[in-house]
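Trainee: Sharing target22.txt here; it has compact mmCIF, C-alpha atoms.
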```
# COMPACT_ATOMS: atom_id res chain seq x y z
CA MET A 241 77.27 152.12 111.38
CA LYS A 242 75.76 150.12 108.47
CA HIS A 243 72.01 149.94 107.96
CA GLY A 244 72.12 146.17 108.43
CA ASP A 245 73.66 146.62 111.89
CA ILE A 246 71.03 149.09 113.11
CA ILE A 247 67.84 147.01 112.81
CA LYS A 248 68.06 143.78 114.78
CA ARG A 249 64.51 142.47 114.42
CA VAL A 250 60.86 143.39 114.10
CA MET A 251 59.25 142.66 117.44
CA VAL A 252 56.10 140.55 117.09
CA THR A 253 54.25 141.14 120.34
CA GLU A 254 50.66 141.86 121.33
CA LYS A 255 51.30 145.58 121.41
CA GLY A 256 53.26 145.42 118.19
CA THR A 257 50.47 143.72 116.26
CA GLN A 258 47.92 146.22 117.59
CA LEU A 259 50.10 149.13 116.48
CA ALA A 260 50.70 147.53 113.06
CA SER A 261 47.05 148.05 112.17
CA GLY A 262 47.67 151.80 112.51
CA SER A 263 50.91 151.72 110.43
CA GLN A 264 53.25 151.75 113.46
CA TYR A 265 55.86 149.04 113.98
CA ILE A 266 58.11 148.12 116.91
CA LEU A 267 61.73 147.32 116.05
CA GLU A 268 64.62 146.23 118.23
CA VAL A 269 67.56 148.42 117.23
CA ALA A 270 71.20 148.90 118.16
CA PRO A 271 71.58 150.87 121.42
CA SER A 272 74.00 153.33 119.83
CA ALA A 273 71.69 154.19 116.90
CA ASN A 274 69.95 157.57 116.85
CA LYS A 275 66.59 158.48 115.31
CA ILE A 276 68.09 159.73 112.05
CA GLN A 277 70.04 156.51 111.52
CA ILE A 278 66.99 154.38 112.39
CA ARG A 279 64.85 156.31 109.89
CA ALA A 280 67.39 155.87 107.09
CA ALA A 281 67.82 152.15 107.85
CA VAL A 282 64.07 151.45 107.83
CA GLU A 283 63.49 153.39 104.62
CA GLU A 284 66.34 151.61 102.84
CA THR A 285 65.69 148.11 104.20
CA PHE A 286 61.90 147.95 103.80
CA GLY A 287 61.33 150.53 101.04
CA VAL A 288 58.79 152.62 102.97
CA HIS A 289 58.47 156.27 104.00
CA VAL A 290 58.91 157.02 107.72
CA LEU A 291 56.97 159.87 109.33
CA ALA A 292 58.25 159.58 112.92
CA VAL A 293 60.62 157.56 115.11
CA ASN A 294 60.22 157.23 118.89
CA THR A 295 62.92 155.40 120.86
CA GLN A 296 62.98 153.74 124.28
CA ASN A 297 66.05 152.51 126.14
CA TYR A 298 65.82 149.48 128.41
CA SER A 299 68.37 148.32 130.93
CA GLY A 300 68.99 144.59 131.15
CA ARG A 301 67.48 142.90 134.15
CA LYS A 302 69.62 141.46 136.92
CA ARG A 303 69.27 137.85 138.02
CA LEU A 304 70.64 136.01 141.02
CA LEU A 305 72.48 132.83 140.06
CA ARG A 306 72.60 129.66 142.16
CA ASN A 307 76.02 130.53 143.59
CA ARG A 308 74.78 133.95 144.79
CA ARG A 309 76.45 135.84 141.92
CA VAL A 310 74.54 138.47 140.00
CA ALA A 311 74.24 138.18 136.22
CA LYS A 312 73.00 141.08 134.10
CA ALA A 313 71.32 140.80 130.71
CA PRO A 314 72.54 143.27 128.07
CA ASP A 315 70.89 146.67 127.69
CA TRP A 316 68.71 147.11 124.61
CA LYS A 317 66.76 149.71 122.69
CA ARG A 318 63.50 149.66 120.78
CA ALA A 319 62.03 152.06 118.28
CA ILE A 320 58.39 152.68 117.39
CA VAL A 321 58.37 153.68 113.73
CA THR A 322 55.35 155.45 112.17
CA LEU A 323 54.90 154.96 108.42
CA ARG A 324 52.80 156.78 105.84
CA PRO A 325 49.16 155.63 105.81
CA GLY A 326 48.75 152.60 103.57
CA GLU A 327 52.37 151.43 103.77
CA ARG A 328 53.36 148.18 105.47
CA ILE A 329 56.42 146.28 106.62
CA GLU A 330 55.96 142.73 105.38
CA ALA A 331 57.66 141.11 108.41
CA ILE A 332 54.36 140.78 110.27
```
The structure in this file should be written as structure tokens.
Mentor:
Amino acid sequence: MKHGDIIKRVMVTEKGTQLASGSQYILEVAPSANKIQIRAAVEETFGVHVLAVNTQNYSGRKRLLRNRRVAKAPDWKRAIVTLRPGERIEAI
């Protein structure tokens, strides 16, 4: 898996901006990526040093359509990446 395929986006949310002040960032990543791949992709893409990676898997929510069929959103994964003190990701 290429580094460009691992990181989908930097999530700009209330929690994400609070964590960014403490050098932690929330990223949406590919569901098949592991912590080692996420670390390598962040270090290469943003040019920073990663101290820790925590991941969380989310299942897509189910919705009831008008014709009584069930549609399911895709599953996704997010990673909380801790950087060295003083380093930043310039996406936020």
Trainee: List the spatial neighbours of Ser261 in chain A as an mmCIF file with C-alpha atoms, in the frame of the given file - criterion: any atom at most 12 Å away, all atoms listed in the file, same-chain residues fewer than 6 positions off excluded.
Mentor:
```cif
data_model
loop_
_atom_site.group_PDB
_atom_site.id
_atom_site.type_symbol
_atom_site.label_atom_id
_atom_site.label_comp_id
_atom_site.auth_asym_id
_atom_site.auth_seq_id
_atom_site.Cartn_x
_atom_site.Cartn_y
_atom_site.Cartn_z
ATOM 1 C CA GLU A 254 50.660 141.860 121.330
ATOM 2 C CA LYS A 255 51.300 145.580 121.410
ATOM 3 C CA THR A 322 55.350 155.450 112.170
ATOM 4 C CA LEU A 323 54.900 154.960 108.420
ATOM 5 C CA PRO A 325 49.160 155.630 105.810
ATOM 6 C CA GLY A 326 48.750 152.600 103.570
ATOM 7 C CA GLU A 327 52.370 151.430 103.770
ATOM 8 C CA ARG A 328 53.360 148.180 105.470
ATOM 9 C CA ILE A 329 56.420 146.280 106.620
ATOM 10 C CA ILE A 332 54.360 140.780 110.270
#
```
Trainee: Give me, as a VMD selection string, all polymer residues having an atom no more than 12 Å from Asn274 in chain A, counting all atoms listed in the file and skipping those fewer than 3 positions away in the same chain.
Mentor: chain A and resid 241 243 246 to 247 269 to 271 277 to 281 293 to 297 317 to 319
Trainee: Write to file, as a PDB file, in the coordinates of the input, the residues of the selection just made, with C-alpha atoms.
Mentor:
```pdb
ATOM      1  CA  MET A 241      77.270 152.120 111.380  1.00  0.00           C
ATOM      2  CA  HIS A 243      72.010 149.940 107.960  1.00  0.00           C
ATOM      3  CA  ILE A 246      71.030 149.090 113.110  1.00  0.00           C
ATOM      4  CA  ILE A 247      67.840 147.010 112.810  1.00  0.00           C
ATOM      5  CA  VAL A 269      67.560 148.420 117.230  1.00  0.00           C
ATOM      6  CA  ALA A 270      71.200 148.900 118.160  1.00  0.00           C
ATOM      7  CA  PRO A 271      71.580 150.870 121.420  1.00  0.00           C
ATOM      8  CA  GLN A 277      70.040 156.510 111.520  1.00  0.00           C
ATOM      9  CA  ILE A 278      66.990 154.380 112.390  1.00  0.00           C
ATOM     10  CA  ARG A 279      64.850 156.310 109.890  1.00  0.00           C
ATOM     11  CA  ALA A 280      67.390 155.870 107.090  1.00  0.00           C
ATOM     12  CA  ALA A 281      67.820 152.150 107.850  1.00  0.00           C
ATOM     13  CA  VAL A 293      60.620 157.560 115.110  1.00  0.00           C
ATOM     14  CA  ASN A 294      60.220 157.230 118.890  1.00  0.00           C
ATOM     15  CA  THR A 295      62.920 155.400 120.860  1.00  0.00           C
ATOM     16  CA  GLN A 296      62.980 153.740 124.280  1.00  0.00           C
ATOM     17  CA  ASN A 297      66.050 152.510 126.140  1.00  0.00           C
ATOM     18  CA  LYS A 317      66.760 149.710 122.690  1.00  0.00           C
ATOM     19  CA  ARG A 318      63.500 149.660 120.780  1.00  0.00           C
ATOM     20  CA  ALA A 319      62.030 152.060 118.280  1.00  0.00           C
TER      21      ALA A 319
END
```
Trainee: Could you check how far CA of Tyr265 in chain A sits from CA of Gly287 in chain A, in Å to one decimal?
Mentor: 14.1 Å
Trainee: Write out as a VMD selection string each polymer residue whose atoms come within 6 Å of Ile266 in chain A, counting only C-alpha atoms; drop sequence neighbours fewer than 3 positions from it.
Mentor: chain A and resid 251 256 319 to 320
Trainee: Would you please work out which residue, of A:Ala292, A:Ala260, A:Trp316, A:Asn307, is nearest to Ala273 in chain A when using only C-alpha atoms?
Mentor: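 Using only C-alpha atoms, Ala273 in chain A sits closest to A:Trp316.
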Trainee: Give the answer as one residue: which of A:Val321, A:Gly244, A:Gln258, A:Arg249 has the shortest atom-to-atom distance to Val288 in chain A, using all atoms listed in the file?
Mentor: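 Going through A:Val321, A:Gly244, A:Gln258, A:Arg249 one by one, the smallest distance to Val288 in chain A is for A:Val321.
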Trainee: Considering only C-alpha atoms, can you say which of A:Gly262, A:Glu268, A:Lys302, A:Glu283 comes closest to Asp245 in chain A?
Mentor: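 For Asp245 in chain A, the nearest of the given residues is A:Glu268.
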Trainee: Quick one: pull the distance between CA of Phe286 in chain A and CA of Lys242 in chain A, Å, one decimal.
Mentor: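 Interatomic distance, CA of Phe286 in chain A to CA of Lys242 in chain A: 14.8 Å.
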Trainee: CA of Glu330 in chain A to CA of Val282 in chain A: how many Å, to one decimal?
Mentor: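 If I compute the distance from CA of Glu330 in chain A to CA of Val282 in chain A, I get 12.2 Å.
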Trainee: Counting all atoms listed in the file, which of A:Val310, A:Leu291, A:Ser263, A:Asp315 gets nearest to Lys275 in chain A?
Mentor: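 Selected residue with least distance to Lys275 in chain A: A:Leu291.
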